[in-house]
file model38.pdb (PDB, C-alpha atoms)
ATOM      1  CA  GLN A   7     -47.165  63.486 123.403
ATOM      2  CA  ASN A   8     -44.230  63.874 125.863
ATOM      3  CA  GLY A   9     -43.855  60.092 125.927
ATOM      4  CA  PHE A  10     -46.892  59.369 128.077
ATOM      5  CA  ALA A  11     -50.590  58.758 127.603
ATOM      6  CA  TYR A  12     -53.791  58.835 129.609
ATOM      7  CA  CYS A  13     -55.158  55.442 130.581
ATOM      8  CA  GLN A  14     -58.595  56.191 129.036
ATOM      9  CA  SER A  15     -60.447  54.557 131.938
ATOM     10  CA  PRO A  16     -63.693  56.322 132.943
ATOM     11  CA  GLU A  17     -63.040  55.099 136.503
ATOM     12  CA  CYS A  18     -59.703  56.928 136.769
ATOM     13  CA  PHE A  19     -60.024  60.275 138.546
ATOM     14  CA  ARG A  20     -56.683  61.488 137.179
ATOM     15  CA  CYS A  21     -57.622  60.840 133.579
ATOM     16  CA  SER A  22     -61.304  61.829 133.621
ATOM     17  CA  ALA A  23     -61.467  64.764 136.051
ATOM     18  CA  PRO A  24     -59.613  67.770 134.535
ATOM     19  CA  GLY A  25     -61.781  70.459 133.015
ATOM     20  CA  GLU A  26     -63.765  73.587 133.738
ATOM     21  CA  GLY A  27     -66.485  71.601 135.479
ATOM     22  CA  LEU A  28     -63.943  70.310 137.991
ATOM     23  CA  ASN A  29     -62.678  73.850 138.698
ATOM     24  CA  GLN A  30     -66.190  75.016 139.545
ATOM     25  CA  ARG A  31     -66.850  71.979 141.758
ATOM     26  CA  LEU A  32     -63.602  72.510 143.649
ATOM     27  CA  TYR A  33     -64.412  76.158 144.386
ATOM     28  CA  HIS A  34     -67.964  75.303 145.434
ATOM     29  CA  SER A  35     -66.670  72.553 147.744
ATOM     30  CA  LEU A  36     -64.091  74.888 149.299
ATOM     31  CA  GLN A  37     -66.753  77.533 149.985
ATOM     32  CA  GLU A  38     -69.007  74.867 151.473
ATOM     33  CA  TYR A  39     -66.189  73.633 153.706
ATOM     34  CA  ALA A  40     -65.295  77.151 154.878
ATOM     35  CA  LYS A  41     -68.922  77.960 155.757
ATOM     36  CA  ARG A  42     -69.270  74.724 157.711
ATOM     37  CA  TYR A  43     -65.864  74.905 159.414
ATOM     38  CA  THR A  44     -63.399  77.778 158.916
ATOM     39  CA  TRP A  45     -61.316  79.772 156.471
ATOM     40  CA  ALA A  46     -58.377  79.687 158.918
ATOM     41  CA  GLY A  47     -55.306  78.079 157.396
ATOM     42  CA  MET A  48     -56.895  77.888 153.956
ATOM     43  CA  GLY A  49     -54.590  80.371 152.197
ATOM     44  CA  ARG A  50     -52.698  77.870 150.040
ATOM     45  CA  VAL A  51     -55.762  75.701 149.391
ATOM     46  CA  HIS A  52     -57.766  78.777 148.336
ATOM     47  CA  LYS A  53     -54.932  79.922 146.078
ATOM     48  CA  GLY A  54     -54.621  76.459 144.532
ATOM     49  CA  VAL A  55     -58.359  76.177 143.849
ATOM     50  CA  ARG A  56     -58.652  79.776 142.585
ATOM     51  CA  GLU A  57     -55.757  79.389 140.136
ATOM     52  CA  GLN A  58     -56.430  75.779 139.170
ATOM     53  CA  GLY A  59     -57.971  76.483 135.764
ATOM     54  CA  ARG A  60     -55.149  78.828 134.820
ATOM     55  CA  TYR A  61     -52.532  76.339 136.009
ATOM     56  CA  LEU A  62     -53.984  73.356 134.120
ATOM     57  CA  SER A  63     -54.443  75.295 130.872
ATOM     58  CA  ALA A  64     -51.113  77.157 130.876
ATOM     59  CA  ARG A  65     -48.724  74.771 132.623
ATOM     60  CA  PRO A  66     -45.363  74.546 130.844
ATOM     61  CA  ALA A  67     -43.569  71.357 129.910
ATOM     62  CA  SER A  68     -41.900  70.308 133.129
ATOM     63  CA  ILE A  69     -40.616  67.310 135.037
ATOM     64  CA  GLN A  70     -43.335  68.081 137.638
ATOM     65  CA  ARG A  71     -46.879  68.614 136.377
ATOM     66  CA  PRO A  72     -49.734  67.218 138.495
ATOM     67  CA  GLU A  73     -52.714  66.444 136.305
ATOM     68  CA  VAL A  74     -55.623  67.379 138.611
ATOM     69  CA  PHE A  75     -54.688  69.570 141.581
ATOM     70  CA  PHE A  76     -51.584  71.602 142.396
ATOM     71  CA  LEU A  77     -51.095  73.005 145.906
ATOM     72  CA  PRO A  78     -48.744  75.988 145.584
ATOM     73  CA  ASP A  79     -45.645  76.638 147.678
ATOM     74  CA  LEU A  80     -44.981  73.012 148.651
ATOM     75  CA  PRO A  81     -41.315  71.950 148.751
ATOM     76  CA  SER A  82     -40.801  69.524 145.898
ATOM     77  CA  ALA A  83     -38.267  66.881 144.928
ATOM     78  CA  PRO A  84     -38.533  63.614 142.989
ATOM     79  CA  TYR A  85     -37.603  61.532 146.055
ATOM     80  CA  PHE A  86     -38.021  62.121 149.790
ATOM     81  CA  SER A  87     -36.076  60.762 152.729
ATOM     82  CA  ARG A  88     -37.736  58.068 154.808
ATOM     83  CA  GLU A  89     -37.601  60.611 157.653
ATOM     84  CA  ALA A  90     -40.354  62.572 155.890
ATOM     85  CA  GLN A  91     -42.904  60.021 157.145
ATOM     86  CA  LYS A  92     -40.756  58.083 159.612
ATOM     87  CA  HIS A  93     -43.565  56.539 161.714
ATOM     88  CA  ASP A  94     -45.448  55.087 158.762
ATOM     89  CA  VAL A  95     -42.314  53.946 156.934
ATOM     90  CA  GLU A  96     -41.046  52.071 159.983
ATOM     91  CA  LEU A  97     -44.482  50.551 160.641
ATOM     92  CA  LEU A  98     -44.718  49.265 157.079
ATOM     93  CA  GLU A  99     -41.216  47.821 157.199
ATOM     94  CA  ARG A 100     -41.842  46.056 160.512
ATOM     95  CA  ASN A 101     -44.882  44.401 158.949
ATOM     96  CA  TYR A 102     -43.070  43.285 155.798
ATOM     97  CA  PRO A 103     -43.318  39.536 156.645
ATOM     98  CA  ALA A 104     -47.123  39.801 157.036
ATOM     99  CA  LEU A 105     -47.500  41.690 153.747
ATOM    100  CA  LEU A 106     -45.277  39.185 151.952
ATOM    101  CA  ALA A 107     -47.360  36.284 153.276
ATOM    102  CA  GLU A 108     -50.633  37.903 152.231
ATOM    103  CA  PHE A 109     -49.252  38.670 148.782
ATOM    104  CA  HIS A 110     -48.435  34.991 148.333
ATOM    105  CA  SER A 111     -51.956  34.118 149.494
ATOM    106  CA  VAL A 112     -53.607  36.183 146.717
ATOM    107  CA  TYR A 113     -51.200  35.579 143.824
ATOM    108  CA  ARG A 114     -50.137  32.387 142.130
ATOM    109  CA  PRO A 115     -47.703  32.451 139.185
ATOM    110  CA  PRO A 116     -49.610  31.997 135.905
ATOM    111  CA  THR A 117     -49.422  28.778 133.953
ATOM    112  CA  GLY A 118     -50.177  27.990 130.339
ATOM    113  CA  ALA A 119     -49.636  29.901 127.109
ATOM    114  CA  SER A 120     -52.431  32.452 127.725
ATOM    115  CA  PRO A 121     -52.613  33.139 131.481
ATOM    116  CA  THR A 122     -55.687  34.939 132.809
ATOM    117  CA  THR A 123     -55.712  37.797 135.297
ATOM    118  CA  PRO A 124     -55.942  36.327 138.825
ATOM    119  CA  PRO A 125     -59.132  37.013 140.844
ATOM    120  CA  GLY A 126     -59.111  40.423 142.505
ATOM    121  CA  TRP A 127     -56.271  41.738 140.333
ATOM    122  CA  LYS A 128     -56.573  44.491 137.722
ATOM    123  CA  ALA A 129     -54.620  44.494 134.461
ATOM    124  CA  ASN A 130     -53.272  47.955 133.564
ATOM    125  CA  SER A 131     -52.414  49.340 130.149
ATOM    126  CA  THR A 132     -48.701  49.177 129.292
ATOM    127  CA  PRO A 133     -46.723  49.550 126.047
ATOM    128  CA  GLN A 134     -45.127  46.182 126.764
ATOM    129  CA  GLY A 135     -45.409  43.419 129.327
ATOM    130  CA  GLN A 136     -47.870  42.918 132.165
ATOM    131  CA  TRP A 137     -48.635  45.273 135.062
ATOM    132  CA  LEU A 138     -51.168  44.062 137.629
ATOM    133  CA  THR A 139     -52.576  45.739 140.735
ATOM    134  CA  PHE A 140     -54.483  44.260 143.694
ATOM    135  CA  TYR A 141     -56.283  47.187 145.355
ATOM    136  CA  LEU A 142     -57.309  47.290 148.985
ATOM    137  CA  VAL A 143     -58.187  50.982 148.623
ATOM    138  CA  ASN A 144     -58.779  52.485 145.171
ATOM    139  CA  GLN A 145     -59.184  56.273 144.914
ATOM    140  CA  GLY A 146     -60.268  56.521 148.553
ATOM    141  CA  VAL A 147     -62.742  53.617 148.402
ATOM    142  CA  SER A 148     -62.074  50.259 150.071
ATOM    143  CA  VAL A 149     -62.407  47.117 147.949
ATOM    144  CA  PRO A 150     -64.195  44.787 150.428
ATOM    145  CA  GLN A 151     -63.524  41.447 148.736
ATOM    146  CA  ASN A 152     -59.797  42.187 148.489
ATOM    147  CA  CYS A 153     -59.602  43.557 152.049
ATOM    148  CA  ARG A 154     -61.124  40.337 153.352
ATOM    149  CA  ARG A 155     -58.380  38.366 151.601
ATOM    150  CA  CYS A 156     -55.627  40.520 153.164
ATOM    151  CA  PRO A 157     -56.938  41.268 156.682
ATOM    152  CA  ARG A 158     -53.585  42.021 158.322
ATOM    153  CA  THR A 159     -52.548  44.387 155.544
ATOM    154  CA  TYR A 160     -55.906  46.150 155.666
ATOM    155  CA  ARG A 161     -55.685  46.575 159.458
ATOM    156  CA  LEU A 162     -52.197  47.985 159.018
ATOM    157  CA  LEU A 163     -53.585  50.790 156.848
ATOM    158  CA  GLY A 164     -55.699  51.916 159.816
ATOM    159  CA  SER A 165     -52.535  52.293 161.913
ATOM    160  CA  LEU A 166     -50.787  54.600 159.449
ATOM    161  CA  ARG A 167     -50.877  58.228 160.569
ATOM    162  CA  THR A 168     -50.642  59.830 157.140
ATOM    163  CA  PHE A 169     -52.520  57.498 154.773
ATOM    164  CA  LEU A 170     -54.955  59.331 152.451
ATOM    165  CA  GLY A 171     -57.695  56.877 153.286
ATOM    166  CA  ASN A 172     -60.730  59.125 152.665
ATOM    167  CA  ASN A 173     -59.572  61.010 149.605
ATOM    168  CA  VAL A 174     -59.716  60.256 145.871
ATOM    169  CA  PHE A 175     -55.935  60.709 145.802
ATOM    170  CA  GLY A 176     -55.469  57.823 148.245
ATOM    171  CA  ASN A 177     -54.646  54.275 147.109
ATOM    172  CA  ALA A 178     -53.209  51.129 148.637
ATOM    173  CA  CYS A 179     -52.387  48.058 146.573
ATOM    174  CA  PHE A 180     -49.943  45.359 145.656
ATOM    175  CA  SER A 181     -48.370  46.358 142.338
ATOM    176  CA  LEU A 182     -46.795  43.653 140.169
ATOM    177  CA  LEU A 183     -44.552  44.067 137.119
ATOM    178  CA  ALA A 184     -43.878  40.935 135.109
ATOM    179  CA  PRO A 185     -40.473  40.438 133.462
ATOM    180  CA  GLY A 186     -40.230  42.560 130.326
ATOM    181  CA  ALA A 187     -42.869  45.052 131.500
ATOM    182  CA  LEU A 188     -42.592  48.814 131.030
ATOM    183  CA  ILE A 189     -44.909  51.465 132.510
ATOM    184  CA  SER A 190     -45.220  54.509 130.250
ATOM    185  CA  GLU A 191     -43.927  57.829 131.578
ATOM    186  CA  HIS A 192     -46.757  59.716 133.258
ATOM    187  CA  TYR A 193     -47.603  62.299 135.916
ATOM    188  CA  GLY A 194     -49.677  61.645 139.019
ATOM    189  CA  PRO A 195     -52.765  63.740 139.815
ATOM    190  CA  THR A 196     -51.467  65.939 142.644
ATOM    191  CA  ASN A 197     -48.456  67.116 144.624
ATOM    192  CA  VAL A 198     -50.183  66.853 148.046
ATOM    193  CA  ARG A 199     -49.171  63.221 148.471
ATOM    194  CA  LEU A 200     -46.043  61.093 148.562
ATOM    195  CA  ARG A 201     -46.235  57.650 147.060
ATOM    196  CA  CYS A 202     -44.626  54.981 149.223
ATOM    197  CA  HIS A 203     -43.382  51.701 147.741
ATOM    198  CA  LEU A 204     -42.503  48.888 150.132
ATOM    199  CA  GLY A 205     -40.388  46.346 148.269
ATOM    200  CA  VAL A 206     -42.112  42.963 148.542
ATOM    201  CA  ARG A 207     -40.282  41.020 145.865
ATOM    202  CA  VAL A 208     -37.448  42.689 143.930
ATOM    203  CA  PRO A 209     -35.488  40.627 141.395
ATOM    204  CA  PRO A 210     -32.535  42.054 139.423
ATOM    205  CA  GLY A 211     -33.116  44.407 136.504
ATOM    206  CA  CYS A 212     -35.971  46.462 138.033
ATOM    207  CA  GLU A 213     -35.886  50.236 138.240
ATOM    208  CA  LEU A 214     -38.019  53.283 139.092
ATOM    209  CA  VAL A 215     -37.201  56.600 137.406
ATOM    210  CA  VAL A 216     -38.727  59.798 138.849
ATOM    211  CA  GLY A 217     -37.887  63.213 137.421
ATOM    212  CA  GLY A 218     -35.078  61.600 135.453
ATOM    213  CA  GLU A 219     -33.478  60.110 138.579
ATOM    214  CA  PRO A 220     -33.254  56.282 138.725
ATOM    215  CA  GLN A 221     -33.675  54.302 141.937
ATOM    216  CA  CYS A 222     -33.934  50.602 142.768
ATOM    217  CA  TRP A 223     -36.294  49.009 145.268
ATOM    218  CA  ALA A 224     -35.121  46.766 148.107
ATOM    219  CA  GLU A 225     -37.140  43.991 149.710
ATOM    220  CA  GLY A 226     -38.503  45.042 153.085
ATOM    221  CA  SER A 227     -37.583  48.721 152.594
ATOM    222  CA  CYS A 228     -39.703  51.739 151.676
ATOM    223  CA  LEU A 229     -39.059  54.217 148.891
ATOM    224  CA  LEU A 230     -40.841  57.595 149.015
ATOM    225  CA  PHE A 231     -41.360  59.675 145.887
ATOM    226  CA  ASP A 232     -43.515  62.501 144.563
ATOM    227  CA  ASP A 233     -45.449  60.983 141.677
ATOM    228  CA  SER A 234     -46.493  64.397 140.354
ATOM    229  CA  PHE A 235     -43.029  64.286 138.755
ATOM    230  CA  LEU A 236     -42.767  62.499 135.417
ATOM    231  CA  HIS A 237     -42.032  58.876 136.260
ATOM    232  CA  THR A 238     -41.775  55.390 134.829
ATOM    233  CA  ALA A 239     -40.849  51.887 135.975
ATOM    234  CA  PHE A 240     -39.594  48.773 134.225
ATOM    235  CA  HIS A 241     -38.556  45.164 134.770
ATOM    236  CA  ASP A 242     -35.704  44.110 132.488
ATOM    237  CA  GLY A 243     -35.122  40.774 134.191
ATOM    238  CA  SER A 244     -35.682  37.339 132.719
ATOM    239  CA  ALA A 245     -38.752  35.141 133.025
ATOM    240  CA  GLU A 246     -36.882  32.979 135.537
ATOM    241  CA  ASP A 247     -36.514  36.025 137.840
ATOM    242  CA  GLY A 248     -40.258  36.282 138.371
ATOM    243  CA  PRO A 249     -42.245  39.482 138.950
ATOM    244  CA  ARG A 250     -41.290  42.659 140.774
ATOM    245  CA  VAL A 251     -43.830  43.333 143.542
ATOM    246  CA  VAL A 252     -44.245  46.399 145.762
ATOM    247  CA  PHE A 253     -46.918  47.387 148.245
ATOM    248  CA  MET A 254     -47.952  50.885 147.205
ATOM    249  CA  VAL A 255     -49.630  53.314 149.602
ATOM    250  CA  ASP A 256     -50.280  57.062 149.299
ATOM    251  CA  LEU A 257     -49.239  59.256 152.236
ATOM    252  CA  TRP A 258     -49.669  62.974 152.835
ATOM    253  CA  HIS A 259     -46.841  65.263 151.779
ATOM    254  CA  PRO A 260     -45.189  66.217 155.097
ATOM    255  CA  ASN A 261     -45.580  69.948 154.424
ATOM    256  CA  VAL A 262     -49.367  69.833 153.998
ATOM    257  CA  ALA A 263     -50.681  71.173 157.319
ATOM    258  CA  ALA A 264     -53.365  69.398 159.361
ATOM    259  CA  ALA A 265     -55.993  72.065 158.556
ATOM    260  CA  GLU A 266     -55.191  71.765 154.850
ATOM    261  CA  ARG A 267     -55.458  67.965 154.980
ATOM    262  CA  GLN A 268     -58.900  68.218 156.563
ATOM    263  CA  ALA A 269     -60.079  70.644 153.883
ATOM    264  CA  LEU A 270     -58.621  68.584 151.033
ATOM    265  CA  ASP A 271     -60.231  65.423 152.408
ATOM    266  CA  TYR A 272     -63.551  67.274 152.304
ATOM    267  CA  ILE A 273     -63.044  68.748 148.813
ATOM    268  CA  PHE A 274     -61.731  65.489 147.326
ATOM    269  CA  SER A 275     -63.856  63.003 149.230
ATOM    270  CA  PRO A 276     -64.871  60.036 147.045
ATOM    271  CA  GLY A 277     -68.123  60.639 145.220
ATOM    272  CA  ARG A 278     -68.124  64.408 145.728
TER     273      ARG A 278
END
call {"tool": "encode", "arguments": {"input": "model38.pdb", "output": "structure tokens"}}
result
Amino acid sequence: QNGFAYCQSPECFRCSAPGEGLNQRLYHSLQEYAKRYTWAGMGRVHKGVREQGRYLSARPASIQRPEVFFLPDLPSAPYFSREAQKHDVELLERNYPALLAEFHSVYRPPTGASPTTPPGWKANSTPQGQWLTFYLVNQGVSVPQNCRRCPRTYRLLGSLRTFLGNNVFGNACFSLLAPGALISEHYGPTNVRLRCHLGVRVPPGCELVVGGEPQCWAEGSCLLFDDSFLHTAFHDGSAEDGPRVVFMVDLWHPNVAAAERQALDYIFSPGR
């Protein structure tokens, strides 16, 4: 339906969370937060939680359709300027050589007719080709064995001002597309974040399409996009070109206020 499919993984919050039970948990968590802290500045969060069930059940076909939580009245566009999160973008780009070196330390090109998934990497479902991810933070939870293998990259995450590090919507990983790979069109779980891709290794023939708008990565440069828009990625290069690799990290949408971020971290804390 609509050219995309759920991943069917019970570990995936986006694919397993929607439903009436989630709506009730969100409202209970918001009330709990407000009693413990404050209702001040919670207008949009309250509206989003209150209308969540109606939104998820009646949402029209659209190029933007977050699967789990929609915060109303946020400015939206498929792509955002690097100025939207200038500090974190520049910090990531300055550390590109360190990230590149740590990528090479955890990934070796496969050999043989039936290559296995390298240690620490996760193979993702795709209609064609291979898509691997090496998570340092997965849905707000650090992956200790991978963090130990990439210490400089993991420390860098702690220096980012807008990383969703304590929230199920927050991820940080190396993402690898092998030549010939295609990621099915899909929507992300929420519009409260921007997904940042730092180009680590970008051969010819690779493209990201968000909301129908194509863009290409560049090595050492960041690309910011709202993954609640319908999006896909592909690598049309040859085997000799090698894989496309980006470092992916989830940052707060710049128009989510500090009080709202605190409340959403509480409501969507891992394990809640």
call {"tool": "residues_around", "arguments": {"input": "model38.pdb", "residues": "Gln91 of chain A", "least_positions_apart": "3", "cutoff": "8 Å", "atoms": "only C-alpha atoms", "output": "list in words"}}
result
Arg88, Asp94, Val95, Thr168 and Pro260 of chain A
call {"tool": "write_last_selection", "arguments": {"input": "model38.pdb", "atoms": "C-alpha atoms", "output": "PDB file, in the frame of the given file"}}
result
ATOM      1  CA  ARG A  88     -37.736  58.068 154.808  1.00  0.00           C
ATOM      2  CA  ASP A  94     -45.448  55.087 158.762  1.00  0.00           C
ATOM      3  CA  VAL A  95     -42.314  53.946 156.934  1.00  0.00           C
ATOM      4  CA  THR A 168     -50.642  59.830 157.140  1.00  0.00           C
ATOM      5  CA  PRO A 260     -45.189  66.217 155.097  1.00  0.00           C
TER       6      PRO A 260
END
call {"tool": "closest_residue", "arguments": {"input": "model38.pdb", "among": "A:Thr44, A:Pro115, A:Gly54, A:Pro276", "to": "Ser148 of chain A", "atoms": "only C-alpha atoms"}}
result
A:Pro276
call {"tool": "closest_residue", "arguments": {"input": "model38.pdb", "among": "A:Leu230, A:Ile69, A:Val262, A:Val74", "to": "Phe175 of chain A", "atoms": "only C-alpha atoms"}}
result
A:Val74
call {"tool": "atom_distance", "arguments": {"input": "model38.pdb", "atom1": "atom CA of Ser68 of chain A", "atom2": "atom CA of Asn29 of chain A"}}
result
21.8 Å
call {"tool": "residues_around", "arguments": {"input": "model38.pdb", "residues": "Asn152 of chain A", "least_positions_apart": "5", "cutoff": "9 Å", "atoms": "only C-alpha atoms", "output": "list in words"}}
result
Val112, Gly126, Trp127, Phe140, Tyr141, Leu142, Val143 and Pro157 of chain A
call {"tool": "write_last_selection", "arguments": {"input": "model38.pdb", "atoms": "C-alpha atoms", "output": "short mmCIF file (atom, residue, chain, number, x, y, z; two decimals), in the frame of the given file"}}
result
data_model
loop_
_atom_site.label_atom_id
_atom_site.label_comp_id
_atom_site.auth_asym_id
_atom_site.auth_seq_id
_atom_site.Cartn_x
_atom_site.Cartn_y
_atom_site.Cartn_z
CA VAL A 112 -53.61 36.18 146.72
CA GLY A 126 -59.11 40.42 142.50
CA TRP A 127 -56.27 41.74 140.33
CA PHE A 140 -54.48 44.26 143.69
CA TYR A 141 -56.28 47.19 145.35
CA LEU A 142 -57.31 47.29 148.99
CA VAL A 143 -58.19 50.98 148.62
CA PRO A 157 -56.94 41.27 156.68
#
call {"tool": "closest_atom_pairs", "arguments": {"input": "model38.pdb", "of": "segment 89-169 of chain A", "to": "segment 204-217 of chain A", "cutoff": "9 Å", "atoms": "all atoms listed in the file", "output": "JSON lines"}}
result
{"residue": "A:Val95", "atom": "CA", "partner": "A:Leu204", "partner_atom": "CA", "distance": 8.5}
{"residue": "A:Leu98", "atom": "CA", "partner": "A:Leu204", "partner_atom": "CA", "distance": 7.3}
{"residue": "A:Glu99", "atom": "CA", "partner": "A:Leu204", "partner_atom": "CA", "distance": 7.3}
{"residue": "A:Tyr102", "atom": "CA", "partner": "A:Val206", "partner_atom": "CA", "distance": 7.3}
{"residue": "A:Pro103", "atom": "CA", "partner": "A:Val206", "partner_atom": "CA", "distance": 8.9}
{"residue": "A:Leu105", "atom": "CA", "partner": "A:Val206", "partner_atom": "CA", "distance": 7.6}
{"residue": "A:Leu106", "atom": "CA", "partner": "A:Val206", "partner_atom": "CA", "distance": 6.0}
{"residue": "A:Phe109", "atom": "CA", "partner": "A:Val206", "partner_atom": "CA", "distance": 8.3}
call {"tool": "resolve_selection", "arguments": {"input": "model38.pdb", "expression": "the PyMOL selection byres ((chain A and resi 52) around 10)", "output": "JSON, numbers by chain"}}
result
{"A": [32, 33, 36, 37, 45, 47, 48, 49, 50, 51, 53, 54, 55, 56, 57, 58, 77, 78, 266]}
call {"tool": "write_last_selection", "arguments": {"input": "model38.pdb", "atoms": "C-alpha atoms", "output": "PDB file, keeping the file's coordinate frame"}}
result
ATOM      1  CA  LEU A  32     -63.602  72.510 143.649  1.00  0.00           C
ATOM      2  CA  TYR A  33     -64.412  76.158 144.386  1.00  0.00           C
ATOM      3  CA  LEU A  36     -64.091  74.888 149.299  1.00  0.00           C
ATOM      4  CA  GLN A  37     -66.753  77.533 149.985  1.00  0.00           C
ATOM      5  CA  TRP A  45     -61.316  79.772 156.471  1.00  0.00           C
ATOM      6  CA  GLY A  47     -55.306  78.079 157.396  1.00  0.00           C
ATOM      7  CA  MET A  48     -56.895  77.888 153.956  1.00  0.00           C
ATOM      8  CA  GLY A  49     -54.590  80.371 152.197  1.00  0.00           C
ATOM      9  CA  ARG A  50     -52.698  77.870 150.040  1.00  0.00           C
ATOM     10  CA  VAL A  51     -55.762  75.701 149.391  1.00  0.00           C
ATOM     11  CA  LYS A  53     -54.932  79.922 146.078  1.00  0.00           C
ATOM     12  CA  GLY A  54     -54.621  76.459 144.532  1.00  0.00           C
ATOM     13  CA  VAL A  55     -58.359  76.177 143.849  1.00  0.00           C
ATOM     14  CA  ARG A  56     -58.652  79.776 142.585  1.00  0.00           C
ATOM     15  CA  GLU A  57     -55.757  79.389 140.136  1.00  0.00           C
ATOM     16  CA  GLN A  58     -56.430  75.779 139.170  1.00  0.00           C
ATOM     17  CA  LEU A  77     -51.095  73.005 145.906  1.00  0.00           C
ATOM     18  CA  PRO A  78     -48.744  75.988 145.584  1.00  0.00           C
ATOM     19  CA  GLU A 266     -55.191  71.765 154.850  1.00  0.00           C
TER      20      GLU A 266
END
call {"tool": "axis_aligned_box", "arguments": {"input": "model38.pdb", "around": "segment 142-157 of chain A", "padding_each_side": "3 Å", "output": "AutoDock Vina command-line options"}}
result
--center_x -59.9 --center_y 47.4 --center_z 150.8 --size_x 14.6 --size_y 24.2 --size_z 17.8
call {"tool": "residues_around", "arguments": {"input": "model38.pdb", "residues": "Phe235 of chain A", "least_positions_apart": "6", "cutoff": "10 Å", "atoms": "all atoms listed in the file", "output": "number ranges by chain"}}
result
A: 68-72, 82-85, 191-197, 215-218
call {"tool": "atom_distance", "arguments": {"input": "model38.pdb", "atom1": "atom CA of His93 of chain A", "atom2": "atom CA of Gly164 of chain A"}}
result
13.1 Å
call {"tool": "atom_distance", "arguments": {"input": "model38.pdb", "atom1": "atom CA of Val252 of chain A", "atom2": "atom CA of Arg158 of chain A"}}
result
16.3 Å
call {"tool": "closest_residue", "arguments": {"input": "model38.pdb", "among": "A:Arg167, A:Arg267, A:Arg201, A:Arg250", "to": "Leu97 of chain A", "atoms": "all atoms listed in the file"}}
result
A:Arg167
call {"tool": "resolve_selection", "arguments": {"input": "model38.pdb", "expression": "the PyMOL selection byres ((chain A and resi 132) around 9)", "output": "list of chain:residue names"}}
result
A:Asn130, A:Ser131, A:Pro133, A:Gln134, A:Gly135, A:Gln136, A:Trp137, A:Ala187, A:Leu188, A:Ile189, A:Ser190
call {"tool": "write_last_selection", "arguments": {"input": "model38.pdb", "atoms": "C-alpha atoms", "output": "PDB file, in the frame of the given file"}}
result
ATOM      1  CA  ASN A 130     -53.272  47.955 133.564  1.00  0.00           C
ATOM      2  CA  SER A 131     -52.414  49.340 130.149  1.00  0.00           C
ATOM      3  CA  PRO A 133     -46.723  49.550 126.047  1.00  0.00           C
ATOM      4  CA  GLN A 134     -45.127  46.182 126.764  1.00  0.00           C
ATOM      5  CA  GLY A 135     -45.409  43.419 129.327  1.00  0.00           C
ATOM      6  CA  GLN A 136     -47.870  42.918 132.165  1.00  0.00           C
ATOM      7  CA  TRP A 137     -48.635  45.273 135.062  1.00  0.00           C
ATOM      8  CA  ALA A 187     -42.869  45.052 131.500  1.00  0.00           C
ATOM      9  CA  LEU A 188     -42.592  48.814 131.030  1.00  0.00           C
ATOM     10  CA  ILE A 189     -44.909  51.465 132.510  1.00  0.00           C
ATOM     11  CA  SER A 190     -45.220  54.509 130.250  1.00  0.00           C
TER      12      SER A 190
END
call {"tool": "closest_residue", "arguments": {"input": "model38.pdb", "among": "A:Gly146, A:Ala184, A:Leu166, A:Thr139", "to": "Glu246 of chain A", "atoms": "only C-alpha atoms"}}
result
A:Ala184
call {"tool": "closest_residue", "arguments": {"input": "model38.pdb", "among": "A:Ser244, A:Asn172, A:Ser227, A:Gln221", "to": "Gln268 of chain A", "atoms": "all atoms listed in the file"}}
result
A:Asn172
call {"tool": "resolve_selection", "arguments": {"input": "model38.pdb", "expression": "the PyMOL selection byres ((chain A and resi 200) around 8)", "output": "ChimeraX atom specification"}}
result
/A:197-199,201-202,230-233,256-259
